[in-house]
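Undergrad: Structure supplied as target04.pdb; contents: PDB, C-alpha atoms.
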```
ATOM      1  CA  MET A   1       0.000   0.000   0.000
ATOM      2  CA  SER A   2       1.418   3.376  -1.000
ATOM      3  CA  PRO A   3       2.303   5.941   1.695
ATOM      4  CA  ILE A   4      -0.413   8.331   2.802
ATOM      5  CA  ALA A   5      -0.267  11.639   0.939
ATOM      6  CA  ALA A   6      -0.935  15.116   2.273
ATOM      7  CA  PRO A   7      -3.976  15.168   4.595
ATOM      8  CA  THR A   8      -6.439  16.650   2.092
ATOM      9  CA  GLU A   9      -5.939  14.209  -0.786
ATOM     10  CA  PRO A  10      -6.959  10.891   0.835
ATOM     11  CA  PHE A  11     -10.134  12.437   2.216
ATOM     12  CA  ARG A  12     -10.978  14.089  -1.107
ATOM     13  CA  SER A  13     -10.436  10.940  -3.146
ATOM     14  CA  LEU A  14     -12.341   8.749  -0.675
ATOM     15  CA  ARG A  15     -15.180  11.221  -0.156
ATOM     16  CA  PRO A  16     -17.631   9.591  -2.621
ATOM     17  CA  ARG A  17     -17.248   6.227  -0.869
ATOM     18  CA  LEU A  18     -17.501   7.801   2.585
ATOM     19  CA  PHE A  19     -20.623   9.696   1.551
ATOM     20  CA  GLY A  20     -22.043   6.501   0.065
ATOM     21  CA  ILE A  21     -21.608   4.662   3.371
ATOM     22  CA  ALA A  22     -23.016   7.511   5.480
ATOM     23  CA  TYR A  23     -25.993   8.150   3.211
ATOM     24  CA  ARG A  24     -26.926   4.464   2.951
ATOM     25  CA  MET A  25     -26.701   4.226   6.733
ATOM     26  CA  LEU A  26     -28.758   7.348   7.458
ATOM     27  CA  GLY A  27     -30.917   8.058   4.403
ATOM     28  CA  VAL A  28     -30.587  11.832   4.874
ATOM     29  CA  ARG A  29     -28.117  13.930   2.892
ATOM     30  CA  ALA A  30     -27.564  16.525   5.657
ATOM     31  CA  ASP A  31     -26.906  13.813   8.255
ATOM     32  CA  ALA A  32     -24.431  12.122   5.918
ATOM     33  CA  GLU A  33     -22.687  15.444   5.315
ATOM     34  CA  ASP A  34     -22.530  16.072   9.075
ATOM     35  CA  VAL A  35     -20.858  12.689   9.554
ATOM     36  CA  LEU A  36     -18.309  13.522   6.863
ATOM     37  CA  GLN A  37     -17.632  16.925   8.423
ATOM     38  CA  ASP A  38     -17.019  15.306  11.804
ATOM     39  CA  ALA A  39     -14.794  12.695  10.139
ATOM     40  CA  TRP A  40     -12.829  15.463   8.405
ATOM     41  CA  LEU A  41     -12.204  17.235  11.707
ATOM     42  CA  ARG A  42     -10.933  14.000  13.228
ATOM     43  CA  TRP A  43      -8.825  13.287  10.145
ATOM     44  CA  SER A  44      -7.295  16.756  10.323
ATOM     45  CA  ALA A  45      -6.217  16.170  13.911
ATOM     46  CA  ALA A  46      -4.923  12.606  13.358
ATOM     47  CA  GLU A  47      -1.274  11.510  13.328
ATOM     48  CA  HIS A  48      -1.137  10.580   9.664
ATOM     49  CA  ALA A  49       2.394   9.224   9.714
ATOM     50  CA  ALA A  50       1.305   6.478  12.107
ATOM     51  CA  LEU A  51      -1.539   5.252   9.895
ATOM     52  CA  GLN A  52      -1.112   2.224   7.657
ATOM     53  CA  SER A  53      -4.211   2.917   5.559
ATOM     54  CA  ALA A  54      -6.140   6.138   5.080
ATOM     55  CA  GLU A  55      -9.132   4.232   3.729
ATOM     56  CA  ALA A  56      -9.343   1.851   6.685
ATOM     57  CA  TRP A  57      -9.063   4.740   9.159
ATOM     58  CA  LEU A  58     -11.650   6.933   7.426
ATOM     59  CA  VAL A  59     -14.150   4.143   6.730
ATOM     60  CA  THR A  60     -13.890   3.086  10.374
ATOM     61  CA  VAL A  61     -14.538   6.612  11.639
ATOM     62  CA  VAL A  62     -17.434   7.251   9.240
ATOM     63  CA  THR A  63     -19.049   3.881   9.975
ATOM     64  CA  ARG A  64     -18.889   4.334  13.736
ATOM     65  CA  LEU A  65     -20.145   7.927  13.551
ATOM     66  CA  ALA A  66     -23.027   6.794  11.325
ATOM     67  CA  ILE A  67     -23.942   3.974  13.729
ATOM     68  CA  ASP A  68     -24.084   6.431  16.636
ATOM     69  CA  ARG A  69     -26.136   8.932  14.648
ATOM     70  CA  LEU A  70     -28.535   6.232  13.452
ATOM     71  CA  ARG A  71     -29.092   5.048  17.019
ATOM     72  CA  ALA A  72     -30.202   8.578  17.927
ATOM     73  CA  ALA A  73     -32.281   8.896  14.757
ATOM     74  CA  LYS A  74     -34.127   5.637  15.459
ATOM     75  CA  THR A  75     -35.838   7.240  18.443
ATOM     76  CA  GLU A  76     -36.935  10.215  16.334
ATOM     77  CA  ARG A  77     -38.184   7.983  13.523
ATOM     78  CA  GLU A  78     -40.323   5.984  15.932
ATOM     79  CA  ALA A  79     -42.248   9.224  16.590
ATOM     80  CA  TYR A  80     -42.368  10.175  12.899
ATOM     81  CA  ILE A  81     -45.881  10.670  11.511
ATOM     82  CA  GLY A  82     -46.619   8.001   8.904
ATOM     83  CA  TRP A  83     -43.998   6.172   6.854
ATOM     84  CA  TRP A  84     -40.362   7.315   6.947
ATOM     85  CA  LEU A  85     -38.658   7.194   3.551
ATOM     86  CA  PRO A  86     -35.094   8.293   2.749
ATOM     87  CA  GLU A  87     -34.386  11.736   1.356
ATOM     88  CA  PRO A  88     -34.121  11.216  -2.415
ATOM     89  CA  ILE A  89     -30.960  12.052  -4.333
ATOM     90  CA  VAL A  90     -32.168  13.279  -7.698
ATOM     91  CA  GLU A  91     -30.423  13.824 -11.015
ATOM     92  CA  VAL A  92     -32.453  15.718 -13.600
ATOM     93  CA  ASP A  93     -29.906  16.886 -16.139
ATOM     94  CA  GLU A  94     -26.534  15.782 -14.881
ATOM     95  CA  ARG A  95     -24.999  13.411 -12.407
ATOM     96  CA  THR A  96     -24.000  14.771  -9.009
ATOM     97  CA  PRO A  97     -20.607  13.871  -7.495
ATOM     98  CA  GLU A  98     -22.256  11.819  -4.755
ATOM     99  CA  THR A  99     -24.225   9.638  -7.147
ATOM    100  CA  ALA A 100     -21.534   9.420  -9.823
ATOM    101  CA  ALA A 101     -19.384   7.291  -7.540
ATOM    102  CA  GLU A 102     -20.398   3.841  -6.366
ATOM    103  CA  LEU A 103     -23.700   4.178  -8.248
ATOM    104  CA  ALA A 104     -23.550   0.596  -9.446
ATOM    105  CA  SER A 105     -24.196  -0.489  -5.865
ATOM    106  CA  ASP A 106     -27.754  -0.500  -4.615
ATOM    107  CA  LEU A 107     -28.995   2.960  -3.666
ATOM    108  CA  SER A 108     -32.717   2.654  -4.418
ATOM    109  CA  VAL A 109     -35.396   4.114  -2.171
ATOM    110  CA  ALA A 110     -36.976   0.655  -1.895
ATOM    111  CA  PHE A 111     -33.661  -0.836  -0.749
ATOM    112  CA  LEU A 112     -33.005   1.891   1.838
ATOM    113  CA  HIS A 113     -36.600   1.645   3.069
ATOM    114  CA  MET A 114     -36.088  -2.053   3.640
ATOM    115  CA  LEU A 115     -32.829  -1.409   5.531
ATOM    116  CA  GLU A 116     -34.814   0.582   8.121
ATOM    117  CA  ARG A 117     -35.837  -2.797   9.539
ATOM    118  CA  LEU A 118     -32.245  -3.555  10.541
ATOM    119  CA  GLY A 119     -30.507  -2.387  13.686
ATOM    120  CA  PRO A 120     -27.673   0.165  13.269
ATOM    121  CA  GLU A 121     -24.800  -2.326  13.641
ATOM    122  CA  GLU A 122     -26.571  -4.943  11.521
ATOM    123  CA  ARG A 123     -27.137  -2.358   8.835
ATOM    124  CA  ALA A 124     -23.492  -1.266   8.866
ATOM    125  CA  ALA A 125     -22.151  -4.815   8.657
ATOM    126  CA  PHE A 126     -24.569  -5.707   5.860
ATOM    127  CA  LEU A 127     -23.742  -2.616   3.797
ATOM    128  CA  LEU A 128     -19.982  -2.958   4.211
ATOM    129  CA  ARG A 129     -20.140  -6.591   3.107
ATOM    130  CA  GLN A 130     -22.872  -6.645   0.447
ATOM    131  CA  VAL A 131     -22.604  -3.169  -1.077
ATOM    132  CA  PHE A 132     -18.994  -2.104  -0.481
ATOM    133  CA  ASP A 133     -17.431  -5.590  -0.651
ATOM    134  CA  TYR A 134     -15.229  -5.476   2.457
ATOM    135  CA  ASP A 135     -14.211  -8.874   3.792
ATOM    136  CA  TYR A 136     -15.300 -10.085   7.212
ATOM    137  CA  GLY A 137     -11.932  -9.424   8.804
ATOM    138  CA  GLU A 138     -11.942  -5.812   7.610
ATOM    139  CA  ILE A 139     -15.507  -5.281   8.866
ATOM    140  CA  ALA A 140     -14.607  -6.814  12.237
ATOM    141  CA  ALA A 141     -11.777  -4.299  12.596
ATOM    142  CA  ILE A 142     -13.965  -1.387  11.480
ATOM    143  CA  MET A 143     -16.713  -2.263  13.958
ATOM    144  CA  ASP A 144     -14.439  -3.515  16.756
ATOM    145  CA  LYS A 145     -16.202  -6.879  16.785
ATOM    146  CA  SER A 146     -15.069 -10.458  16.421
ATOM    147  CA  GLU A 147     -15.191 -11.889  12.923
ATOM    148  CA  ALA A 148     -17.695 -14.488  14.132
ATOM    149  CA  ALA A 149     -20.007 -11.767  15.442
ATOM    150  CA  VAL A 150     -19.800  -9.891  12.130
ATOM    151  CA  ARG A 151     -20.587 -13.043  10.153
ATOM    152  CA  GLN A 152     -23.623 -13.616  12.348
ATOM    153  CA  MET A 153     -24.838 -10.016  11.888
ATOM    154  CA  VAL A 154     -24.431 -10.167   8.117
ATOM    155  CA  HIS A 155     -26.163 -13.558   7.928
ATOM    156  CA  ARG A 156     -29.070 -12.332  10.038
ATOM    157  CA  ALA A 157     -29.413  -9.213   7.902
ATOM    158  CA  GLN A 158     -29.232 -11.262   4.697
ATOM    159  CA  GLU A 159     -32.071 -13.468   5.896
ATOM    160  CA  ARG A 160     -34.277 -10.445   6.591
ATOM    161  CA  VAL A 161     -33.375  -8.775   3.324
ATOM    162  CA  ARG A 162     -33.962 -11.958   1.324
ATOM    163  CA  ALA A 163     -37.420 -12.313   2.872
ATOM    164  CA  GLU A 164     -38.481  -8.734   2.103
ATOM    165  CA  ARG A 165     -36.545  -7.648  -0.977
ATOM    166  CA  PRO A 166     -38.339  -7.754  -4.348
ATOM    167  CA  ARG A 167     -37.049 -10.628  -6.471
ATOM    168  CA  PHE A 168     -36.968  -8.782  -9.763
ATOM    169  CA  GLU A 169     -34.000  -8.143 -12.032
ATOM    170  CA  VAL A 170     -35.307  -5.638 -14.571
ATOM    171  CA  PRO A 171     -33.181  -3.946 -17.263
ATOM    172  CA  ARG A 172     -32.914  -0.213 -16.708
ATOM    173  CA  GLU A 173     -34.413   0.631 -20.109
ATOM    174  CA  THR A 174     -37.421  -1.623 -19.450
ATOM    175  CA  HIS A 175     -37.904   0.084 -16.085
ATOM    176  CA  ARG A 176     -37.690   3.509 -17.699
ATOM    177  CA  GLN A 177     -40.123   2.672 -20.513
ATOM    178  CA  LEU A 178     -42.694   1.381 -18.024
ATOM    179  CA  LEU A 179     -42.411   4.564 -15.954
ATOM    180  CA  GLU A 180     -42.786   6.699 -19.076
ATOM    181  CA  LYS A 181     -46.034   4.898 -19.905
ATOM    182  CA  PHE A 182     -47.251   5.393 -16.342
ATOM    183  CA  MET A 183     -46.278   9.075 -16.428
ATOM    184  CA  ARG A 184     -48.259   9.658 -19.627
ATOM    185  CA  ALA A 185     -51.287   7.819 -18.257
ATOM    186  CA  ALA A 186     -51.212   9.701 -14.948
ATOM    187  CA  GLN A 187     -50.632  13.047 -16.685
ATOM    188  CA  SER A 188     -53.637  12.600 -18.980
ATOM    189  CA  GLY A 189     -55.875  10.902 -16.416
ATOM    190  CA  GLN A 190     -56.340   7.680 -18.382
ATOM    191  CA  ARG A 191     -57.767   5.538 -15.614
ATOM    192  CA  GLU A 192     -57.734   2.233 -17.482
ATOM    193  CA  ALA A 193     -54.189   2.800 -18.710
ATOM    194  CA  ILE A 194     -53.020   3.501 -15.143
ATOM    195  CA  ARG A 195     -54.762   0.358 -13.928
ATOM    196  CA  ALA A 196     -53.238  -1.789 -16.676
ATOM    197  CA  LEU A 197     -49.723  -0.793 -15.592
ATOM    198  CA  LEU A 198     -50.215  -1.865 -11.964
ATOM    199  CA  ALA A 199     -49.829  -5.369 -10.536
ATOM    200  CA  GLU A 200     -52.904  -6.706  -8.736
ATOM    201  CA  ASN A 201     -51.156  -6.447  -5.366
ATOM    202  CA  ALA A 202     -49.545  -3.066  -6.078
ATOM    203  CA  GLU A 203     -48.883  -0.822  -3.095
ATOM    204  CA  ALA A 204     -48.189   2.879  -2.641
ATOM    205  CA  ILE A 205     -46.272   4.231   0.357
ATOM    206  CA  GLY A 206     -46.100   7.963   1.012
ATOM    207  CA  ASP A 207     -43.939  10.109   3.279
ATOM    208  CA  GLY A 208     -45.427  13.479   4.198
ATOM    209  CA  GLY A 209     -43.712  13.729   7.575
ATOM    210  CA  GLY A 210     -46.876  15.179   9.107
ATOM    211  CA  LYS A 211     -46.260  18.378   7.117
ATOM    212  CA  VAL A 212     -48.350  17.594   4.035
ATOM    213  CA  ALA A 213     -51.139  15.117   3.381
ATOM    214  CA  SER A 214     -49.977  11.582   2.707
ATOM    215  CA  VAL A 215     -51.230   8.021   2.856
ATOM    216  CA  LEU A 216     -50.349   7.256   6.463
ATOM    217  CA  THR A 217     -50.887   3.496   6.293
ATOM    218  CA  GLY A 218     -50.172   2.996   2.607
ATOM    219  CA  LEU A 219     -52.504   1.914  -0.169
ATOM    220  CA  HIS A 220     -52.775  -1.732  -1.157
ATOM    221  CA  GLY A 221     -54.269  -3.144  -4.322
ATOM    222  CA  ALA A 222     -54.274  -1.934  -7.914
ATOM    223  CA  GLU A 223     -57.752  -0.374  -7.720
ATOM    224  CA  ARG A 224     -56.936   1.801  -4.726
ATOM    225  CA  VAL A 225     -53.626   2.968  -6.186
ATOM    226  CA  THR A 226     -55.303   3.675  -9.544
ATOM    227  CA  ASN A 227     -58.013   5.709  -7.860
ATOM    228  CA  LEU A 228     -55.393   7.831  -6.077
ATOM    229  CA  TYR A 229     -53.702   8.890  -9.324
ATOM    230  CA  TRP A 230     -57.003   9.300 -11.135
ATOM    231  CA  ALA A 231     -58.363  11.492  -8.331
ATOM    232  CA  ASN A 232     -55.216  13.623  -8.461
ATOM    233  CA  HIS A 233     -55.866  14.260 -12.150
ATOM    234  CA  LEU A 234     -59.553  15.017 -11.605
ATOM    235  CA  ASN A 235     -58.788  17.471  -8.811
ATOM    236  CA  LEU A 236     -55.783  19.230 -10.350
ATOM    237  CA  GLY A 237     -56.001  18.733 -14.106
ATOM    238  CA  ASP A 238     -53.385  20.728 -16.019
ATOM    239  CA  ARG A 239     -51.996  22.116 -12.751
ATOM    240  CA  LEU A 240     -50.377  18.701 -12.296
ATOM    241  CA  THR A 241     -47.279  17.823 -14.334
ATOM    242  CA  TYR A 242     -44.684  15.040 -14.251
ATOM    243  CA  ARG A 243     -41.013  14.848 -15.214
ATOM    244  CA  MET A 244     -38.686  11.878 -15.590
ATOM    245  CA  ALA A 245     -35.565  11.906 -13.432
ATOM    246  CA  THR A 246     -32.982   9.583 -11.967
ATOM    247  CA  ILE A 247     -33.773   9.095  -8.293
ATOM    248  CA  ASN A 248     -31.290   7.205  -6.126
ATOM    249  CA  GLY A 249     -29.710   5.739  -9.211
ATOM    250  CA  GLU A 250     -32.840   4.427 -10.921
ATOM    251  CA  PRO A 251     -35.638   5.838 -13.111
ATOM    252  CA  GLY A 252     -38.202   7.873 -11.189
ATOM    253  CA  LEU A 253     -40.737  10.678 -11.476
ATOM    254  CA  LEU A 254     -40.888  14.221 -10.160
ATOM    255  CA  ARG A 255     -44.422  15.583  -9.798
ATOM    256  CA  TYR A 256     -45.243  19.298  -9.792
ATOM    257  CA  VAL A 257     -48.335  21.291  -8.860
ATOM    258  CA  ASP A 258     -48.503  24.772 -10.380
ATOM    259  CA  GLY A 259     -44.843  24.398 -11.297
ATOM    260  CA  GLN A 260     -43.758  23.677  -7.710
ATOM    261  CA  LEU A 261     -42.181  20.334  -6.853
ATOM    262  CA  GLU A 262     -44.746  18.305  -4.916
ATOM    263  CA  SER A 263     -43.158  14.831  -4.715
ATOM    264  CA  ALA A 264     -40.382  12.509  -5.840
ATOM    265  CA  GLN A 265     -41.596   9.042  -6.790
ATOM    266  CA  THR A 266     -39.793   5.766  -7.377
ATOM    267  CA  MET A 267     -41.344   2.497  -8.464
ATOM    268  CA  VAL A 268     -40.460  -1.164  -8.181
ATOM    269  CA  THR A 269     -41.446  -3.184 -11.234
ATOM    270  CA  ASP A 270     -41.379  -6.845 -12.218
ATOM    271  CA  GLY A 271     -40.671  -5.814 -15.806
ATOM    272  CA  GLU A 272     -44.317  -5.827 -16.879
ATOM    273  CA  ARG A 273     -46.237  -4.129 -14.081
ATOM    274  CA  ILE A 274     -45.533  -1.710 -11.251
ATOM    275  CA  VAL A 275     -45.412  -3.517  -7.920
ATOM    276  CA  SER A 276     -44.573  -0.771  -5.409
ATOM    277  CA  ILE A 277     -44.588   3.032  -5.474
ATOM    278  CA  TYR A 278     -42.655   5.175  -2.999
ATOM    279  CA  VAL A 279     -43.754   8.813  -2.822
ATOM    280  CA  VAL A 280     -41.662  11.333  -0.874
ATOM    281  CA  ARG A 281     -43.769  14.447  -0.175
ATOM    282  CA  ASN A 282     -42.145  15.793   2.994
ATOM    283  CA  PRO A 283     -40.998  19.298   1.918
ATOM    284  CA  ASP A 284     -37.838  19.010   4.021
ATOM    285  CA  LYS A 285     -36.748  16.017   1.943
ATOM    286  CA  LEU A 286     -37.454  17.788  -1.352
ATOM    287  CA  ALA A 287     -35.604  20.990  -0.527
ATOM    288  CA  ASN A 288     -32.314  19.942  -2.140
ATOM    289  CA  ILE A 289     -33.844  18.874  -5.446
ATOM    290  CA  GLY A 290     -33.186  21.295  -8.265
ATOM    291  CA  THR A 291     -36.113  22.083 -10.530
TER     292      THR A 291
END
```
Write out the structure in this file as structure tokens.
TA:
Amino acid sequence: MSPIAAPTEPFRSLRPRLFGIAYRMLGVRADAEDVLQDAWLRWSAAEHAALQSAEAWLVTVVTRLAIDRLRAAKTEREAYIGWWLPEPIVEVDERTPETAAELASDLSVAFLHMLERLGPEERAAFLLRQVFDYDYGEIAAIMDKSEAAVRQMVHRAQERVRAERPRFEVPRETHRQLLEKFMRAAQSGQREAIRALLAENAEAIGDGGGKVASVLTGLHGAERVTNLYWANHLNLGDRLTYRMATINGEPGLLRYVDGQLESAQTMVTDGERIVSIYVVRNPDKLANIGT
């Protein structure tokens, strides 16, 4: 391993990976940035000459800071009104630095929503192993655990993820084409066309954070989800517009009312029908999305 360079360079070059870990752990851009800022302050004060690996040191610090922050956030999220969904990272015209790096690894809203079911340490071990490809010995050192304990955490997390994760491998272009059809149907209020694009057991989950109206318990079944989009068209007509975007690394929709961003929506599909829809409406989580 090459010697560690001047203090700024290792942090700068590793920043996309560090942000990727923090964001996947916390699901909130500002929280991830706070973790990186704290890590930078610790890095600046560290004895760099004594370190064998800048990456190991920084990943360890960021992971442990994110675990601590997630433990505190868990209490807040238990009191959250309705469903809690991650803050979306959206690309409309160009790729942001955060999403340009490590984008091949899973970043989807559905995936991060599912990770909310894991405990902070379980989530960290699972992400480091399955998304960032660290070996068990490296993870054990990062988390200050035995390798056996890490293996058990990852296995337990894998079992939960396998039970809840959609079992669909859909080409990106197929996903995008299906969303484009849905967007056109929703935009024009074609009820039957909306219904035809939804699986029988389709569900819609919304996050309004108690600040705007949302479906607190979710909608289940194609008819109920269809009626929601149809009613939106009937009530708002031409005031309602949609735009394709890349949201958390996959095709998604931005919806506007009177030209103002109202929601960011991502959809899980089996390749033929839409299975799940995640709608982020909380204004705080839309504030960083350029329009």
Undergrad: Care to translate the PyMOL selection byres ((chain A and resi 156) around 12) into actual residues of this file, as a list in words?
TA: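 So the PyMOL selection byres ((chain A and resi 156) around 12), applied here, picks out Arg117, Leu118, Gly119, Glu121, Glu122, Arg123, Ala125, Phe126, Ala149, Val150, Arg151, Gln152, Met153, Val154, His155, Ala157, Gln158, Glu159, Arg160, Val161, Arg162 and Ala163 of chain A.
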Undergrad: Quick one: residues within 7 Å of Leu240 of chain A, all atoms listed in the file, excluding same-chain residues fewer than 4 positions away - as a list in words?
TA: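 Non-adjacent residues within range: Leu236, Tyr256, Val257 and Asp258 of chain A.
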Undergrad: Distance atom CA of Glu200 of chain A-atom CA of Gly221 of chain A, one decimal place?
TA: 5.8 Å
Undergrad: State, in Å with one decimal place, the distance from atom CA of His233 of chain A to atom CA of Arg191 of chain A.
TA: 9.6 Å
Undergrad: Could you check how far atom CA of Glu250 of chain A sits from atom CA of Pro88 of chain A, in Å to one decimal?
TA: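 Value for the atom CA of Glu250 of chain A-atom CA of Pro88 of chain A distance: 11.0 Å.
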Undergrad: When you count all atoms listed in the file, which of these residues is closest to Gln265 of chain A: A:Ser44, A:Ser108, A:Asn235, A:Gln190?
TA: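 The answer is A:Ser108, which sits nearest to Gln265 of chain A.
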Undergrad: Kindly resolve the PyMOL selection byres ((chain A and resi 80) around 12) on the present coordinates and return the residues as a ChimeraX atom specification.
TA: /A:73-79,81-85,207-211,216,282
Undergrad: Translate the PyMOL selection byres ((chain A and resi 225) around 12), as applied to the file shown, into an explicit residue set as a PyMOL selection string.
TA: chain A and resi 186+191+194-206+215+218-224+226-232+274-279
Undergrad: Calculated over all atoms listed in the file, which of the candidates A:Leu36, A:Leu112, A:Ala49, A:Ala54 has the smallest distance to Glu9 of chain A?
TA: A:Ala54
Undergrad: Could you list, as a list in words, every residue within 10 Å of Ile89 of chain A, counting all atoms listed in the file and ignoring same-chain residues fewer than 2 positions away?
TA: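 Returned residues: Tyr23, Gly27, Val28, Arg29, Pro86, Glu87, Glu91, Thr96, Glu98, Thr99, Leu107, Ser108, Val109, Thr246, Ile247, Asn248, Gly249, Ala264, Lys285, Leu286, Asn288 and Ile289 of chain A.
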Undergrad: Would you put the residues from that selection into a file with C-alpha atoms, as a compact mmCIF listing (two decimals), in the frame of the given file?
TA:
```txt
# COMPACT_ATOMS: atom_id res chain seq x y z
CA TYR A 23 -25.99 8.15 3.21
CA GLY A 27 -30.92 8.06 4.40
CA VAL A 28 -30.59 11.83 4.87
CA ARG A 29 -28.12 13.93 2.89
CA PRO A 86 -35.09 8.29 2.75
CA GLU A 87 -34.39 11.74 1.36
CA GLU A 91 -30.42 13.82 -11.02
CA THR A 96 -24.00 14.77 -9.01
CA GLU A 98 -22.26 11.82 -4.76
CA THR A 99 -24.22 9.64 -7.15
CA LEU A 107 -29.00 2.96 -3.67
CA SER A 108 -32.72 2.65 -4.42
CA VAL A 109 -35.40 4.11 -2.17
CA THR A 246 -32.98 9.58 -11.97
CA ILE A 247 -33.77 9.10 -8.29
CA ASN A 248 -31.29 7.20 -6.13
CA GLY A 249 -29.71 5.74 -9.21
CA ALA A 264 -40.38 12.51 -5.84
CA LYS A 285 -36.75 16.02 1.94
CA LEU A 286 -37.45 17.79 -1.35
CA ASN A 288 -32.31 19.94 -2.14
CA ILE A 289 -33.84 18.87 -5.45
```
Undergrad: Give the answer as one residue: which of A:Asp144, A:Asp270, A:Asp133, A:Glu262 has the shortest atom-to-atom distance to Thr63 of chain A, using all atoms listed in the file?
TA: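 Ranked by minimum distance to Thr63 of chain A, first place goes to A:Asp144.
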Undergrad: If we count only C-alpha atoms, what is near Pro120 of chain A at a cut-off of 7 Å, once residues fewer than 3 positions away on the same chain are taken out, given as a list of chain:residue names?
TA: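 Non-adjacent residues within range: A:Ile67, A:Leu70, A:Arg71, A:Arg123, A:Ala124.
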Undergrad: With distances taken over only C-alpha atoms, which of A:Arg281, A:Arg273, A:Arg24, A:Arg243 is nearest to Val131 of chain A?
TA: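 Using only C-alpha atoms, the shortest distance to Val131 of chain A belongs to A:Arg24.
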Undergrad: Hey, which of A:Pro283, A:Tyr242, A:Gly237, A:Leu254 ends up closest to Ala213 of chain A? Count only C-alpha atoms.
TA: A:Pro283
Undergrad: Check the smallest atom-to-atom distance from each of A:Leu253, A:Ala185, A:Leu18, A:Ala287 to Phe132 of chain A using all atoms listed in the file, then report the winner.
TA: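 Smallest separation from Phe132 of chain A among the options: A:Leu18.
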Undergrad: Need a file for segment 19-24 of chain A from that block: all heavy atoms, written as a compact mmCIF listing (two decimals), in the first residue's frame.
TA:
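Result file is out.txt:
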```
# COMPACT_ATOMS: atom_id res chain seq x y z
N PHE A 19 -19.25 9.19 1.63
CA PHE A 19 -20.62 9.70 1.55
C PHE A 19 -21.58 8.55 1.27
O PHE A 19 -22.68 8.48 1.84
CB PHE A 19 -20.75 10.75 0.45
CG PHE A 19 -22.15 11.30 0.30
CD1 PHE A 19 -22.57 12.38 1.05
CD2 PHE A 19 -23.06 10.71 -0.58
CE1 PHE A 19 -23.87 12.87 0.95
CE2 PHE A 19 -24.34 11.18 -0.70
CZ PHE A 19 -24.76 12.27 0.06
N GLY A 20 -21.19 7.64 0.39
CA GLY A 20 -22.04 6.50 0.06
C GLY A 20 -22.37 5.66 1.29
O GLY A 20 -23.50 5.21 1.48
N ILE A 21 -21.37 5.42 2.14
CA ILE A 21 -21.61 4.66 3.37
C ILE A 21 -22.54 5.43 4.30
O ILE A 21 -23.53 4.89 4.81
CB ILE A 21 -20.27 4.36 4.08
CG1 ILE A 21 -19.43 3.38 3.25
CG2 ILE A 21 -20.52 3.79 5.48
CD1 ILE A 21 -18.00 3.23 3.74
N ALA A 22 -22.23 6.71 4.53
CA ALA A 22 -23.02 7.51 5.48
C ALA A 22 -24.45 7.68 5.00
O ALA A 22 -25.39 7.57 5.80
CB ALA A 22 -22.35 8.87 5.69
N TYR A 23 -24.64 7.95 3.71
CA TYR A 23 -25.99 8.15 3.21
C TYR A 23 -26.80 6.85 3.27
O TYR A 23 -27.98 6.85 3.66
CB TYR A 23 -25.97 8.68 1.78
CG TYR A 23 -27.36 8.75 1.17
CD1 TYR A 23 -28.26 9.74 1.55
CD2 TYR A 23 -27.79 7.78 0.26
CE1 TYR A 23 -29.54 9.78 1.03
CE2 TYR A 23 -29.07 7.82 -0.27
CZ TYR A 23 -29.94 8.82 0.11
OH TYR A 23 -31.21 8.84 -0.40
N ARG A 24 -26.20 5.73 2.90
CA ARG A 24 -26.93 4.46 2.95
C ARG A 24 -27.25 4.07 4.39
O ARG A 24 -28.24 3.39 4.64
CB ARG A 24 -26.12 3.37 2.26
CG ARG A 24 -26.12 3.46 0.74
CD ARG A 24 -25.15 2.44 0.15
NE ARG A 24 -25.19 2.40 -1.30
CZ ARG A 24 -24.51 3.22 -2.09
NH1 ARG A 24 -23.76 4.17 -1.56
NH2 ARG A 24 -24.58 3.09 -3.40
```
